[in-house]
Amino acid sequence: MAGTIRARELALRRVGAAGARELAVRADLDEALRELVVTPYGKYAPPVAGLSEAQRAVSATLLWHLRVLAGWLPRGGARLLVPLACGFEVANVAALLAGNGHGPAPVEPYRLGALETAWRRLEGAGSGPGMRAVLTASAWGDPGGDSAGAVLTGMRMAAARRTALAVPQARDWAVGRAALLTARELFVHGRPLTEPVRRDAARLLGARATGAASYPRFRELLPTPARRLLAEAGEPGALWRAEVGWWRTLRDDGAAMLRDNRFGPRAVVGAVAVLSVDAWRVRAALESAARGGRVGEAFDALA
């Protein structure tokens with residue numbers, strides 16, 4: 001009961017579509033940041049910062065909300081949120097690999113607290129081979145390679161697999177994520193999936209889809225949630241439309257979960273969804289402001 005009430009309260013800490021648009025049309029980033037300070041993101045958003053620092057502050061606010069929510073759940077309840085917060089650990093690893101795994105990451109890592117999976121071990125693992133060994137021994141599993149690309153792709157697919165298994169309310173979102181990742185790897189970048197990644201993808205999408213020789217055939221063989229998502233992307237170059245569609249689905253499903261008056265995990269998962277969408281939208285709005293208030297098509301499609 002406490003977790004459900006807290007989830008609904010936290011879900012109100014959003015800028016919303018209208019507020020995000022107000023930020024997006026500001027004349028420059030500094031003006032947008034002055035407005036951001038009086039929003040729920042103001043605690044972490046410095047009054048003057050570059051775009052990447054400001055966007056990272058928005059994400060850090062989302063993570064803090066998830067950590068607060070985890071603290072209100074029953075004993076062991078944080079396990080529900082760990083898969084949903086996987087992206088922050090992936091971002092930490094990406095930053096570390098950007099520095100070739102030697103020395104500190106070029107940016108301050110996200111502090112996950114009870115929501116981390118293996119970050120403290122990954123932080124000291126060095127470059128690719130060390131990271132692969134740590135991942136293999138953890139809930140992430142073997143990414144199938146020790147290059148930066150293999151490590152990150154493996155973690156992203158593992159995040160989808162872990163979410164689908166641990167959070168039934170989010171399974172369709174995880175299937176959509178797996179479809180987007182697989183499509184990009186195979187049909188945009190032309191990179192074969194490592195065996196562990198292919199295995200995870202097949203669990204979520206089916207072996208026939210992951211073995212498809214062409215993008216049209218891949219779309220045909222996807223399970224219903226993913227097939228419906230990729231209907232917006234008739235060719236690999238249009239996958240960004242499916243990405244925006246994924247965020248719209250997250251927004252709508254999350255709002256529906258929050259409208260459910262029963263106590264339980266649906267409200268918690270719904271709060272994570274709508275807060276995540278809001279952070280994504282605000283980050284996009286800041287980028288628009290940094291371009292002089294020129295709102296991009298992706299932002300328009302979601303907002």
# chains A, B, ... in the order shown; residues from 1 in each chain; ligands from 1

$ closest_atom_pairs --of "stretch 209-230 of chain A" --to "stretch 195-203 of chain A" --cutoff "9 Å" --atoms "only C-alpha atoms" --output "tab-separated table"
residue	atom	partner	partner_atom	distance
A:Ala209	CA	A:Ala202	CA	7.5
A:Thr210	CA	A:Ala202	CA	6.0
A:Gly211	CA	A:Ala202	CA	8.7

$ select_by_dssp --residues "stretch 64-291 of chain A" --states "alpha helix (DSSP H)" --output "count of residues only"
147

$ residues_around --residues "A:Leu10" --least-positions-apart "2" --cutoff "8 Å" --atoms "only C-alpha atoms" --output "PyMOL selection string"
chain A and resi 6-8+12-13+65+69+271

$ write_last_selection --atoms "N, CA and C atoms" --output "PDB file, in the first residue's frame"
ATOM      1  N   ARG A   6       3.135   5.952  -2.767  1.00  0.00           N
ATOM      2  CA  ARG A   6       4.348   6.716  -3.099  1.00  0.00           C
ATOM      3  C   ARG A   6       4.561   6.765  -4.608  1.00  0.00           C
ATOM      4  N   ALA A   7       4.271   5.682  -5.297  1.00  0.00           N
ATOM      5  CA  ALA A   7       4.442   5.649  -6.754  1.00  0.00           C
ATOM      6  C   ALA A   7       3.541   6.692  -7.413  1.00  0.00           C
ATOM      7  N   ARG A   8       2.311   6.762  -6.966  1.00  0.00           N
ATOM      8  CA  ARG A   8       1.375   7.729  -7.564  1.00  0.00           C
ATOM      9  C   ARG A   8       1.799   9.160  -7.258  1.00  0.00           C
ATOM     10  N   LEU A  12       3.527  12.334 -10.156  1.00  0.00           N
ATOM     11  CA  LEU A  12       3.091  13.715 -10.369  1.00  0.00           C
ATOM     12  C   LEU A  12       4.265  14.665 -10.590  1.00  0.00           C
ATOM     13  N   ARG A  13       5.479  14.203 -10.309  1.00  0.00           N
ATOM     14  CA  ARG A  13       6.660  15.069 -10.428  1.00  0.00           C
ATOM     15  C   ARG A  13       7.166  15.071 -11.867  1.00  0.00           C
ATOM     16  N   HIS A  65      14.365   9.348  -8.250  1.00  0.00           N
ATOM     17  CA  HIS A  65      12.964   9.002  -7.989  1.00  0.00           C
ATOM     18  C   HIS A  65      12.783   7.486  -7.893  1.00  0.00           C
ATOM     19  N   LEU A  69      11.490   5.413  -4.667  1.00  0.00           N
ATOM     20  CA  LEU A  69      10.383   4.474  -4.777  1.00  0.00           C
ATOM     21  C   LEU A  69      10.772   3.097  -4.255  1.00  0.00           C
ATOM     22  N   ALA A 271       4.267   4.097 -12.709  1.00  0.00           N
ATOM     23  CA  ALA A 271       4.982   5.314 -12.322  1.00  0.00           C
ATOM     24  C   ALA A 271       6.359   5.362 -12.968  1.00  0.00           C
TER      25      ALA A 271
END

$ closest_residue --among "A:Ala226, A:Leu204, A:Ala98, A:Val282" --to "A:Trp246" --atoms "only C-alpha atoms"
A:Ala226

$ residues_around --residues "A:Arg266" --least-positions-apart "6" --cutoff "8 Å" --atoms "only C-alpha atoms" --output "ChimeraX atom specification"
/A:169,257-258,260

$ write_last_selection --atoms "C-alpha atoms" --output "PDB file, in the first residue's frame"
ATOM      1  CA  GLN A 169       3.669  -5.866 -16.596  1.00  0.00           C
ATOM      2  CA  MET A 257      -1.583   1.352 -14.937  1.00  0.00           C
ATOM      3  CA  LEU A 258      -1.702   4.408 -12.706  1.00  0.00           C
ATOM      4  CA  ASP A 260      -5.903   1.230 -11.752  1.00  0.00           C
TER       5      ASP A 260
END

$ closest_residue --among "A:Ala164, A:Ala17, A:Val58, A:Ala279" --to "A:Leu33" --atoms "only C-alpha atoms"
A:Val58

$ atom_distance --atom1 "atom CA of A:Ala54" --atom2 "atom CA of A:Gly42"
10.3 Å

$ residues_around --residues "stretch 140-151 of chain A" --least-positions-apart "4" --cutoff "6 Å" --atoms "only C-alpha atoms" --output "list in words"
Gly128, Pro129, Arg132, Leu135, Thr136, Ala158, Thr194 and Pro196 of chain A

$ atom_distance --atom1 "atom CA of A:Ala213" --atom2 "atom CA of A:Thr249"
27.9 Å

$ residues_around --residues "A:Arg21" --least-positions-apart "4" --cutoff "10 Å" --atoms "only C-alpha atoms" --output "number ranges by chain"
A: 15-17, 25-26, 281-282, 284-286, 288-289, 293, 295, 299-300, 303

$ residues_around --residues "A:Glu31" --least-positions-apart "3" --cutoff "12 Å" --atoms "only C-alpha atoms" --output "PyMOL selection string"
chain A and resi 22-28+34-37+47-49+286+288-290+292-293

$ atom_distance --atom1 "atom CA of A:Ala2" --atom2 "atom CA of A:Ala20"
29.7 Å
